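These notes concern the structure reproduced below.
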Amino acid sequence: MSLARNVDLLRRLPKLDGLRLAEFGRSPDSSSPLEEITGFGDNPGALRMFAFVPAQLQKPRALVVVLHGCGQTAAGYDLGAGWSTLARHYGFALLMPEQQRVNNGNTCFNWFNPEDTARDSGEARSIREMIAHMADAHRIDPRRIFITGLSAGGGMTSVMLATYPEVFAAGAIIAGLPYGIASNLREALDGMFYSPQRPDRELGDFVRRASNHRGPWPRISVWHGSADRTVNPGNANEIVKQWLDLHDLPAVPMAETNVDGYPRQAWWNKDGETLVESYAITDMAHGTPLGLADNDQRYGIEGAFLIEAGISSSYHIAKFFGLTGWIAEAKKAAKPATPAKAAPARSPAPHLARSIRAKVAEEAAEPKQEASRGFDLGQIITRALTAAGLMK
């Protein structure tokens, strides 16, 4: 089926009630410690602001901004990906903007809408205002602000890194798309379904034109499932190309290793600091990969677009951001006679996690099954529509 026919079909889908999508990622808000903050500043994108600040913060203080995927809430994605557990364990502040249905029928961030993807405009400006509020209220070190997101949230992560590159030390994009490839419906679908290849310089220029910033550029971690039928895995390669061009790095990886059984490529600067890394999660469908961290602690709970893969992307992203050394350093500094402190908060015990996963499975088929099913164009279009936020 041609792209033109896909577009025509997608335009007609919202009129068919039987094809409306289920609400994915809905988890009880009470399970997350996030609290809503109002009056944070200008809000031209009409987003909601949720945050969590643990009692103890590492020094200098750090902030992680996390953007949920389509059909999800801030609290639901926090529970699924485990970010507040990480924030409490490692002592950093957490900001989770939330989309509203008045802006997008499937609560997707509008990653391809020109009004929301330009500096000082729309949703990008709203998120920037939230960051400024958090930085002022909690004395965040301006050199330790990071951002990550899934799917449409990954697309909006690309937007924020491009439009406000001076704000972020690093970012991580999960199943997302590069900045600047779409400014309308046709281009969004083309990018999601086919991920057409572009010259490295063209991709880099998209970012260079988004602001007056000329470097240094944020460090980037890219994650994508190889069996993703919602956002073409080729987008991961295009994101890497975009940021290799900005960092003036070669196309050939400087290192290729396996982490928790999955291939990782890396590029670094002359000081040995990793500037760009990319994880390919073999045979995984569209979603955030979950699993045990290398310290055997679990972060997150399975659900729709939250996939058990044996690797904790949240943990490894926090490690890439340089946030996971705090506990170890604190232990080294402690005196031997110091009474043992209570163990840091952990994610639910395995038997509880299994119960929750069983409940989730009753309401939505697990996304990982997607890799074993046959080709279904209607399903692909519907899932792509969800991620793009094109249903009303």
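Going through the structure tokens in order, the chains are called A, B, and so on, while each chain numbers its residues from 1 and the ligands are numbered from 1 in the order shown.
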Test item: residues at most 6 Å from segment 221-236 of chain A, only C-alpha atoms, excluding those fewer than 5 positions along its chain, as a short mmCIF file (atom, residue, chain, number, x, y, z; two decimals) with N, CA and C atoms, in the first residue's frame:
data_model
loop_
_atom_site.label_atom_id
_atom_site.label_comp_id
_atom_site.auth_asym_id
_atom_site.auth_seq_id
_atom_site.Cartn_x
_atom_site.Cartn_y
_atom_site.Cartn_z
N ALA A 172 18.75 10.88 26.39
CA ALA A 172 18.59 9.49 25.96
C ALA A 172 17.26 9.35 25.24
N ILE A 173 17.28 8.77 24.05
CA ILE A 173 16.09 8.66 23.20
C ILE A 173 15.77 7.18 23.02
N ILE A 174 14.55 6.78 23.43
CA ILE A 174 14.12 5.40 23.34
C ILE A 174 13.02 5.29 22.28
N ALA A 175 13.28 4.51 21.23
CA ALA A 175 12.29 4.28 20.17
C ALA A 175 11.72 5.59 19.64
N LEU A 177 12.66 9.47 17.27
CA LEU A 177 13.02 9.91 15.93
C LEU A 177 13.95 11.11 16.01
N MET A 192 8.18 7.52 10.44
CA MET A 192 7.86 6.40 11.33
C MET A 192 7.86 5.06 10.60
N PHE A 193 7.26 5.01 9.40
CA PHE A 193 7.16 3.75 8.67
C PHE A 193 8.46 3.37 7.98
N SER A 195 11.61 5.60 7.70
CA SER A 195 12.87 6.19 8.14
C SER A 195 13.84 6.40 6.98
N VAL A 276 28.52 9.63 22.31
CA VAL A 276 27.37 9.01 21.65
C VAL A 276 27.45 7.50 21.90
N GLU A 277 26.32 6.90 22.27
CA GLU A 277 26.23 5.46 22.40
C GLU A 277 24.89 5.00 21.84
N SER A 278 24.84 3.73 21.39
CA SER A 278 23.61 3.21 20.79
C SER A 278 23.43 1.76 21.18
N TYR A 279 22.23 1.42 21.69
CA TYR A 279 21.88 0.04 22.06
C TYR A 279 20.83 -0.47 21.08
N ALA A 280 21.07 -1.65 20.50
CA ALA A 280 20.09 -2.34 19.68
C ALA A 280 19.55 -3.52 20.49
N ILE A 281 18.26 -3.46 20.87
CA ILE A 281 17.67 -4.50 21.70
C ILE A 281 17.05 -5.55 20.76
N THR A 282 17.80 -6.62 20.56
CA THR A 282 17.46 -7.63 19.57
C THR A 282 16.09 -8.25 19.83
N ASP A 283 15.27 -8.31 18.76
CA ASP A 283 13.96 -8.96 18.78
C ASP A 283 12.94 -8.27 19.69
N MET A 284 13.22 -7.07 20.16
CA MET A 284 12.26 -6.38 21.01
C MET A 284 11.35 -5.48 20.18
N ALA A 285 10.07 -5.43 20.53
CA ALA A 285 9.10 -4.60 19.84
C ALA A 285 9.19 -3.16 20.35
N HIS A 286 8.14 -2.39 20.12
CA HIS A 286 8.14 -0.97 20.46
C HIS A 286 7.95 -0.77 21.96
N ALA A 371 6.76 -9.54 17.80
CA ALA A 371 7.84 -10.03 16.95
C ALA A 371 7.50 -11.38 16.32
N ARG A 383 -0.85 1.19 15.28
CA ARG A 383 0.16 1.45 16.32
C ARG A 383 0.99 2.68 15.97
N ALA A 384 1.27 2.85 14.70
CA ALA A 384 2.00 4.05 14.31
C ALA A 384 1.18 5.29 14.60
#
Problem - Residues flagged helix (DSSP H, G or I) by DSSP in segment 121-290 of chain A, as a VMD selection string - result: chain A and resid 122 to 138 152 to 163 185 to 193 200 to 208 234 to 247
Handout entry: Which of A:Arg119, A:Gly300, A:Ala55, A:Thr324 sits closest to Gly76 of chain A [using only C-alpha atoms]
Key = A:Gly300
Exercise for the section: State, in Å with one decimal place, the distance from atom CA of Ala51 of chain A to atom CA of Glu308 of chain A. Expected result: 25.6 Å
Completion exercise
Using only C-alpha atoms, the best pick from A:Ala81, A:Met134, A:Ala118, A:Ile220 as closest to Phe52 of chain A would be A:Met134
Practice task
Have a look at atom CA of Thr274 of chain A and atom CA of Arg61 of chain A and let me know their distance in Å, one decimal.
Solution key: 21.5 Å
Handout entry: 12 Å contact set for Asp200 of chain A, only C-alpha atoms, chain neighbours under 3 positions out, as a PyMOL selection string
Key = chain A and resi 178+197+203-207+237-251
Exercise for the section: Go through segment 212-296 of chain A and collect every residue that DSSP, computed from the backbone, puts in strand (DSSP E or B); the answer should be as a ChimeraX atom specification. Expected result: /A:219-225,255-259,262-268,274-281,288-292
Export of the given selection (C-alpha atoms) as a PDB file, in the first residue's frame:
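This is the output file part09.pdb:
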ATOM      1  CA  ARG A 219      25.987  13.641  24.965  1.00  0.00           C
ATOM      2  CA  ILE A 220      23.464  11.147  23.537  1.00  0.00           C
ATOM      3  CA  SER A 221      22.308   7.593  24.341  1.00  0.00           C
ATOM      4  CA  VAL A 222      20.039   5.919  21.755  1.00  0.00           C
ATOM      5  CA  TRP A 223      17.868   2.813  22.394  1.00  0.00           C
ATOM      6  CA  HIS A 224      15.661   0.903  19.934  1.00  0.00           C
ATOM      7  CA  GLY A 225      14.140  -2.556  19.561  1.00  0.00           C
ATOM      8  CA  ALA A 255      33.904   0.371  20.416  1.00  0.00           C
ATOM      9  CA  GLU A 256      31.388  -2.452  19.967  1.00  0.00           C
ATOM     10  CA  THR A 257      30.542  -4.442  23.086  1.00  0.00           C
ATOM     11  CA  ASN A 258      27.712  -6.485  24.604  1.00  0.00           C
ATOM     12  CA  VAL A 259      25.829  -5.196  27.646  1.00  0.00           C
ATOM     13  CA  TYR A 262      22.745  -6.748  23.682  1.00  0.00           C
ATOM     14  CA  PRO A 263      25.078  -4.950  21.244  1.00  0.00           C
ATOM     15  CA  ARG A 264      26.247  -1.467  22.195  1.00  0.00           C
ATOM     16  CA  GLN A 265      28.227   0.904  19.997  1.00  0.00           C
ATOM     17  CA  ALA A 266      30.115   3.882  21.410  1.00  0.00           C
ATOM     18  CA  TRP A 267      32.026   6.963  20.323  1.00  0.00           C
ATOM     19  CA  TRP A 268      34.140   9.145  22.597  1.00  0.00           C
ATOM     20  CA  THR A 274      31.570   8.797  25.719  1.00  0.00           C
ATOM     21  CA  LEU A 275      29.671  11.318  23.611  1.00  0.00           C
ATOM     22  CA  VAL A 276      27.374   9.005  21.645  1.00  0.00           C
ATOM     23  CA  GLU A 277      26.227   5.456  22.396  1.00  0.00           C
ATOM     24  CA  SER A 278      23.613   3.214  20.793  1.00  0.00           C
ATOM     25  CA  TYR A 279      21.879   0.043  22.057  1.00  0.00           C
ATOM     26  CA  ALA A 280      20.087  -2.344  19.676  1.00  0.00           C
ATOM     27  CA  ILE A 281      17.669  -4.502  21.698  1.00  0.00           C
ATOM     28  CA  THR A 288      11.114   0.724  26.930  1.00  0.00           C
ATOM     29  CA  PRO A 289      13.370  -2.259  27.776  1.00  0.00           C
ATOM     30  CA  LEU A 290      13.216  -3.402  31.407  1.00  0.00           C
ATOM     31  CA  GLY A 291      15.302  -5.831  33.435  1.00  0.00           C
ATOM     32  CA  LEU A 292      17.799  -6.195  36.219  1.00  0.00           C
TER      33      LEU A 292
END
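Coordinates place atom CA of Gly149 of chain A at a distance of 15.9 Å from atom CA of Arg48 of chain A.
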Show me a table, sorted first by chain and then by increasing residue number, of the residues of segment 71-105 of chain A having an atom at most 12 Å from segment 155-161 of chain A, each with its shortest atom pair and the distance in Å to one decimal, counting only C-alpha atoms and written as a Markdown table.
| residue | atom | partner | partner_atom | distance |
| --- | --- | --- | --- | --- |
| A:Pro97 | CA | A:Met156 | CA | 11.1 |
| A:Glu98 | CA | A:Met156 | CA | 11.9 |
| A:Gln99 | CA | A:Met156 | CA | 11.3 |
Convert the current residue selection to file output with N, CA and C atoms, as a CSV table (one decimal), in the first residue's frame.
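Result file follows (result_39.csv):
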chain,number,residue,atom,x,y,z
A,97,PRO,N,6.9,15.9,32.8
A,97,PRO,CA,5.8,16.6,32.1
A,97,PRO,C,4.8,15.6,31.6
A,98,GLU,N,3.5,16.1,31.5
A,98,GLU,CA,2.4,15.2,31.1
A,98,GLU,C,1.6,15.9,30.0
A,99,GLN,N,1.3,15.2,29.0
A,99,GLN,CA,0.5,15.7,27.9
A,99,GLN,C,-1.0,15.6,28.3
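Nearest residue to Tyr90 of chain A, choosing from A:Gly325, A:Gly39, A:Gly105, A:Gly45 and counting only C-alpha atoms: A:Gly325.
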